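A.B. asks: Just dropping this structure here.
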Amino acid sequence: AVPLEQATYEFFPGWQPLTDLQIDLLFQNAGLDMRSRSTKLGKASSDSVHAWIPDLSPGAHLYVDARVQGEGQAISDYLQDSPLGDSVGQALREVEIHGPMKGAVKLDIPLDGEGEVKASGDASFHDNKVRIASLDLPLEKVEGRLEYDNEQTRIHNLKASLWNQPLTLDYQGKRLPHAYQADLKFKGSWDSSRQRQDIPALAMLQGRSPLDVSLTELGARRVEELLWRLFYGIAA
């Protein structure tokens with residue numbers, strides 16, 4: 001193996017390079033194997049990157065498997081400023097993540113530049129804040145995991161707090177030709193004694209009531225309209 005320190009690796013056009021890179025290169029037969037224990041991905045960092053090209057020949061693919069740590073916005077920014085900006089990047093604009101987080105990124109990149117770059121990964125939440133952008137829903141104390149690929153984002157059984165109300169949430173977002181569709185399922189119990197006093201629209205919700213709602217929305221909605229539809233089934 002050939003060790004490199006403080007290197008910069010521009011692994012494919014359109015992607016921000018890996019910087020401050022410690023990496024071991026191993027040429028074996030017709031392939032190349034690269035392993036790193038420390039690097040920067042934009043403003044995010046990684047303590048484990050494995051990249052490999054099984055066969056250095058026409059039609060070759062570069063595979064990348066990385067663990068990533070950093071602020072949620074830094075990880076989102078790295079993927080949005082890439083060839084995946086219109087797919088995974090759009091999905092991550094829909095699910096805005098705030099606070100430190102960890103995750104994984106997997107890439108399959110055709111080196112001839114003709115095929116589609118395939119991406120997948122996940123992000124683990126621990127006491128994060130997450131905003132579902134199309135519905136303007138501010139989730140706090142978020143615990144769970146987000147999974148994504150080129151076209152969709154998925155969350156199952158996420159624990160969170162919405163306007164001081166504990167709930168669980170299932171979410172799937174997917175890209176449509178001219179919009180972004182968010183499918184959500186909420187479960188919980190609304191307790192007006194816990195609700196925030198600085199949101200006037202919440203004053204209409206009194207007492208305790210079970211919350212079991214499935215909702216599909218295209219584009220942004222005002223919070224007041226969403227509440228009326230959730231609890232009364234009519235438009236504001």
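By order in the structure tokens, chains are A, B, ...; within a chain, residues start at 1; ligands start at 1, following the order shown.
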Taking 6 positions as the minimum chain separation for residues in the same chain, which residues sit within 8 Å of Pro166 (chain A) when counting only C-alpha atoms? Answer as an MDAnalysis selection string.
C.D. replies: chainID A and resid 159:160 188:189
A.B. asks: Do you know which residues are at most 10 Å from Leu21 (chain A) counting only C-alpha atoms, after dropping those on the same chain fewer than 5 positions away, and could you put them as a list in words?
C.D. replies: Leu4, Glu5, Gln6, Ala7, Thr8, Tyr9, Ser36, Arg37, Ser38, Thr39, Lys40, Leu41, Ser46 and Val49 of chain A
A.B. asks: Show me, as a PyMOL selection string, the residues that have an atom within 7 Å of Asn157 (chain A) when counting only C-alpha atoms, minus same-chain residues fewer than 3 positions from it.
C.D. replies: chain A and resi 168-170
A.B. asks: Write out as JSON, numbers by chain which residues come within 9 Å of Ala119 (chain A) when counting only C-alpha atoms, dropping same-chain ones fewer than 5 positions away.
C.D. replies: {"A": [84, 88, 105, 106, 107, 108, 109, 148, 149, 150]}
A.B. asks: Just the residues within 12 Å of Leu26 (chain A), please, counting only C-alpha atoms, with nothing from its chain fewer than 4 positions along; format it as a list of chain:residue names.
C.D. replies: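 Listing them by chain and then by number gives A:Ala1, A:Val2, A:Pro3, A:Leu4, A:Ala30, A:Gly31, A:Leu32, A:Asp33, A:Met34, A:Arg35, A:Ser36, A:His50, A:Ala51, A:Trp52, A:Ile53, A:Pro54.
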A.B. asks: How about saving the chosen residues, N, CA and C atoms kept, as a PDB file, in the first residue's frame?
C.D. replies:
```pdb
ATOM      1  N   ALA A   1       0.830  -1.191   0.000  1.00  0.00           N
ATOM      2  CA  ALA A   1       0.000   0.000   0.000  1.00  0.00           C
ATOM      3  C   ALA A   1       0.871   1.250   0.000  1.00  0.00           C
ATOM      4  N   VAL A   2       0.384   2.311  -0.626  1.00  0.00           N
ATOM      5  CA  VAL A   2       1.092   3.590  -0.685  1.00  0.00           C
ATOM      6  C   VAL A   2       0.350   4.589   0.203  1.00  0.00           C
ATOM      7  N   PRO A   3       0.936   5.024   1.338  1.00  0.00           N
ATOM      8  CA  PRO A   3       0.246   5.974   2.226  1.00  0.00           C
ATOM      9  C   PRO A   3       0.443   7.410   1.763  1.00  0.00           C
ATOM     10  N   LEU A   4      -0.607   8.219   1.875  1.00  0.00           N
ATOM     11  CA  LEU A   4      -0.543   9.647   1.586  1.00  0.00           C
ATOM     12  C   LEU A   4      -1.109  10.415   2.772  1.00  0.00           C
ATOM     13  N   ALA A  30      -5.914  -5.603 -11.614  1.00  0.00           N
ATOM     14  CA  ALA A  30      -6.410  -4.499 -12.450  1.00  0.00           C
ATOM     15  C   ALA A  30      -7.229  -3.500 -11.652  1.00  0.00           C
ATOM     16  N   GLY A  31      -7.218  -3.594 -10.333  1.00  0.00           N
ATOM     17  CA  GLY A  31      -8.061  -2.740  -9.516  1.00  0.00           C
ATOM     18  C   GLY A  31      -7.274  -1.793  -8.629  1.00  0.00           C
ATOM     19  N   LEU A  32      -7.987  -0.856  -8.034  1.00  0.00           N
ATOM     20  CA  LEU A  32      -7.426   0.117  -7.094  1.00  0.00           C
ATOM     21  C   LEU A  32      -8.310   0.170  -5.870  1.00  0.00           C
ATOM     22  N   ASP A  33      -7.698   0.042  -4.688  1.00  0.00           N
ATOM     23  CA  ASP A  33      -8.425   0.100  -3.422  1.00  0.00           C
ATOM     24  C   ASP A  33      -7.872   1.250  -2.595  1.00  0.00           C
ATOM     25  N   MET A  34      -8.762   2.102  -2.066  1.00  0.00           N
ATOM     26  CA  MET A  34      -8.366   3.282  -1.307  1.00  0.00           C
ATOM     27  C   MET A  34      -9.115   3.311   0.017  1.00  0.00           C
ATOM     28  N   ARG A  35      -8.365   3.477   1.110  1.00  0.00           N
ATOM     29  CA  ARG A  35      -8.973   3.527   2.446  1.00  0.00           C
ATOM     30  C   ARG A  35      -8.414   4.715   3.219  1.00  0.00           C
ATOM     31  N   SER A  36      -9.348   5.432   3.859  1.00  0.00           N
ATOM     32  CA  SER A  36      -8.958   6.618   4.617  1.00  0.00           C
ATOM     33  C   SER A  36      -9.572   6.574   6.012  1.00  0.00           C
ATOM     34  N   HIS A  50     -14.014   4.280   2.279  1.00  0.00           N
ATOM     35  CA  HIS A  50     -13.504   3.186   1.456  1.00  0.00           C
ATOM     36  C   HIS A  50     -13.953   3.456   0.028  1.00  0.00           C
ATOM     37  N   ALA A  51     -13.005   3.625  -0.865  1.00  0.00           N
ATOM     38  CA  ALA A  51     -13.306   3.845  -2.276  1.00  0.00           C
ATOM     39  C   ALA A  51     -12.530   2.819  -3.088  1.00  0.00           C
ATOM     40  N   TRP A  52     -13.170   2.291  -4.112  1.00  0.00           N
ATOM     41  CA  TRP A  52     -12.482   1.263  -4.886  1.00  0.00           C
ATOM     42  C   TRP A  52     -12.985   1.224  -6.325  1.00  0.00           C
ATOM     43  N   ILE A  53     -12.071   0.861  -7.210  1.00  0.00           N
ATOM     44  CA  ILE A  53     -12.381   0.620  -8.619  1.00  0.00           C
ATOM     45  C   ILE A  53     -11.998  -0.838  -8.884  1.00  0.00           C
ATOM     46  N   PRO A  54     -12.960  -1.723  -8.991  1.00  0.00           N
ATOM     47  CA  PRO A  54     -12.621  -3.145  -9.111  1.00  0.00           C
ATOM     48  C   PRO A  54     -11.789  -3.474 -10.337  1.00  0.00           C
TER      49      PRO A  54
END
```
A.B. asks: Using only C-alpha atoms, which protein or nucleic acid residues come within 10 Å of Val68 (chain A)? Drop anything in the same chain fewer than 2 positions from it, and give the result as a PyMOL selection string.
C.D. replies: chain A and resi 39-41+44-49+65-66+70-71+75+101-105+122-123
A.B. asks: CA of Gly85 (chain A) to CA of Lys129 (chain A): how many Å, to one decimal?
C.D. replies: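 Those two atoms sit 22.4 Å apart.
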A.B. asks: Tell me, which residues of region 1-227 of chain A carry DSSP strand (DSSP E), written as number ranges by chain?
C.D. replies: A: 2-9, 18-28, 31-41, 44-53, 61-71, 95-98, 100-110, 118-132, 137-149, 152-162, 165-175, 180-191, 208-218
A.B. asks: Counting only C-alpha atoms, which residue out of A:Gln181, A:Ser161, A:Asn29, A:Gln69 sits closest to Ser124 (chain A)?
C.D. replies: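 Between A:Gln181, A:Ser161, A:Asn29, A:Gln69, the residue approaching Ser124 (chain A) most closely is A:Gln69.
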